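These notes concern the structure reproduced below.
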Amino acid sequence: MKEFKEKQTPAIKSTIIVCFILLFLVVIAGLVLLLKADNGLEAALKENNVMLFDAPRNVPAVSLRRHDGTVFTTEQFNGHWNLINFGYTYCPDICPTNMADMKIAYNQLVEAGLADQINFWMITVDPQRDTEQQLSLYVPFFHPDFVGLTGDPEQIATLATQLSAVYYREGEGEGYTVAHSDNYAIIDPDGEFIALMRPPHKPDHIVTVLTQLIDNSDSIN
């Protein structure tokens, strides 16, 4: 019996060592696949002019007003993906083009069965003229599911700064314009600012990016 045990002990040790080696290889293989997936996502996003942040950025708690007159807080970003466009209704060129691109992209996402996971927003950089009534005539014209936000200028500035949007007034009198950056901010279902989409914008870019983010949501950050 003693000899039998002595013969078995090396065999058991060898088996344990082999199991540990196999487990180690499985873990390494999993990490390699994960890194490849992450690199693939990052590459796909870069091709569509998107900068994915190394770590999510907090969104400040502000209170604004939706174009239907109801109260908005940034907690309403939670639970959905969010594409945010900063602009204003008197904008002569960039804003209507961006809103039209968003409409095309949204309709494509509807066809793909993904639109119910995404909210599209326009936040005004001209709250002096963009009242709730003004936004209610402008934003739903592009799509009834889009939401326009206005409110206290300081609250808007706080949110815009954190979401990497820059704007300033040019000119005097009623005909003034507002110069502003042309980026889309992307907020994830946890309510965190995770990516910035830079121009030039195309509907296909929006669709591809949001689809990629939804498909890889478990591996992001």
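As shown in the structure tokens, the chain order sets the letters A, B, ...; within each chain, residues go from 1, and ligands are also counted from 1 in the order they appear.
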
Next on the checklist: Give me the residues near Ile194 of chain A as a ChimeraX atom specification, where near means some atom within 7 Å (using only C-alpha atoms) and where sequence neighbours in that chain fewer than 4 positions away do not count.
Outcome noted: /A:52-53,56-57,186-188

Next on the checklist: Need to verify the contact set: Glu132 of chain A, 10 Å, only C-alpha atoms, exclusion of same-chain residues closer than 4 positions in sequence. Can you return it as a ChimeraX atom specification?
Outcome noted: /A:65-70,127,136-138,148-151

Write the residues of the selection above to a file with C-alpha atoms, as a PDB file, in the first residue's frame.
ATOM      1  CA  ARG A  65     -36.309  72.672 -18.801  1.00  0.00           C
ATOM      2  CA  ARG A  66     -37.427  70.409 -21.610  1.00  0.00           C
ATOM      3  CA  HIS A  67     -39.097  71.934 -24.651  1.00  0.00           C
ATOM      4  CA  ASP A  68     -42.457  70.595 -23.421  1.00  0.00           C
ATOM      5  CA  GLY A  69     -42.135  72.672 -20.248  1.00  0.00           C
ATOM      6  CA  THR A  70     -41.279  69.825 -17.861  1.00  0.00           C
ATOM      7  CA  PRO A 127     -31.124  80.460 -23.767  1.00  0.00           C
ATOM      8  CA  SER A 136     -40.872  73.183 -29.162  1.00  0.00           C
ATOM      9  CA  LEU A 137     -41.262  74.572 -32.684  1.00  0.00           C
ATOM     10  CA  TYR A 138     -37.727  73.643 -33.729  1.00  0.00           C
ATOM     11  CA  GLY A 148     -34.629  70.274 -26.589  1.00  0.00           C
ATOM     12  CA  LEU A 149     -33.273  71.726 -23.349  1.00  0.00           C
ATOM     13  CA  THR A 150     -33.065  75.328 -22.176  1.00  0.00           C
ATOM     14  CA  GLY A 151     -32.850  77.072 -18.834  1.00  0.00           C
TER      15      GLY A 151
END

Item to check | Nearest to Met197 of chain A by atom-to-atom distance, counting only C-alpha atoms, from A:Gln128, A:Gln212, A:Thr158, A:Asn48 | outcome: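 Among A:Gln128, A:Gln212, A:Thr158, A:Asn48, it is A:Asn48 that comes nearest to Met197 of chain A.
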
Checklist entry - segment 106-178 of chain A: which residues are helix (DSSP H, G or I) by DSSP, as a ChimeraX atom specification? => result /A:106-111,115-117,132-142,153-162

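These are the residues of segment 69-178 of chain A assigned strand (DSSP E) by DSSP from backbone coordinates: A:Val71, A:Phe72, A:Thr73, A:Trp81, A:Asn82, A:Leu83, A:Ile84, A:Asn85, A:Phe86, A:Gly87, A:Ile118, A:Asn119, A:Phe120, A:Trp121, A:Met122, A:Ile123, A:Thr124, A:Val147, A:Gly148, A:Leu149, A:Thr150, A:Tyr167, A:Tyr168, A:Arg169, A:Glu170, A:Thr177, A:Val178.
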
Do you have, as a Markdown table, the list of residues of segment 129-191 of chain A lying at most 10 Å from segment 89-96 of chain A, each with its nearest atom pair and that distance in Å to one decimal, counting only C-alpha atoms and ordered by chain then number?
| residue | atom | partner | partner_atom | distance |
| --- | --- | --- | --- | --- |
| A:Arg129 | CA | A:Thr89 | CA | 8.4 |
| A:Asp130 | CA | A:Thr89 | CA | 6.7 |
| A:Thr131 | CA | A:Thr89 | CA | 9.9 |
| A:Gln134 | CA | A:Thr89 | CA | 7.7 |
| A:Leu135 | CA | A:Thr89 | CA | 7.1 |
| A:Leu137 | CA | A:Thr89 | CA | 9.4 |
| A:Tyr138 | CA | A:Thr89 | CA | 6.6 |
| A:Val139 | CA | A:Thr89 | CA | 8.4 |
| A:Phe142 | CA | A:Pro96 | CA | 8.8 |
| A:Gly175 | CA | A:Tyr90 | CA | 9.1 |
| A:Tyr176 | CA | A:Tyr90 | CA | 9.3 |
| A:Thr177 | CA | A:Cys91 | CA | 7.2 |
| A:Val178 | CA | A:Cys91 | CA | 7.6 |
| A:Ala179 | CA | A:Cys91 | CA | 9.0 |
| A:His180 | CA | A:Ile94 | CA | 9.5 |
| A:Ser181 | CA | A:Ile94 | CA | 9.8 |
| A:Asp182 | CA | A:Ile94 | CA | 7.6 |

Next on the checklist: Using only C-alpha atoms for the distances, tell me which of A:Val50, A:Gly40, A:Ala100, A:Glu111 is nearest to Ala185 of chain A.
Outcome noted: A:Val50
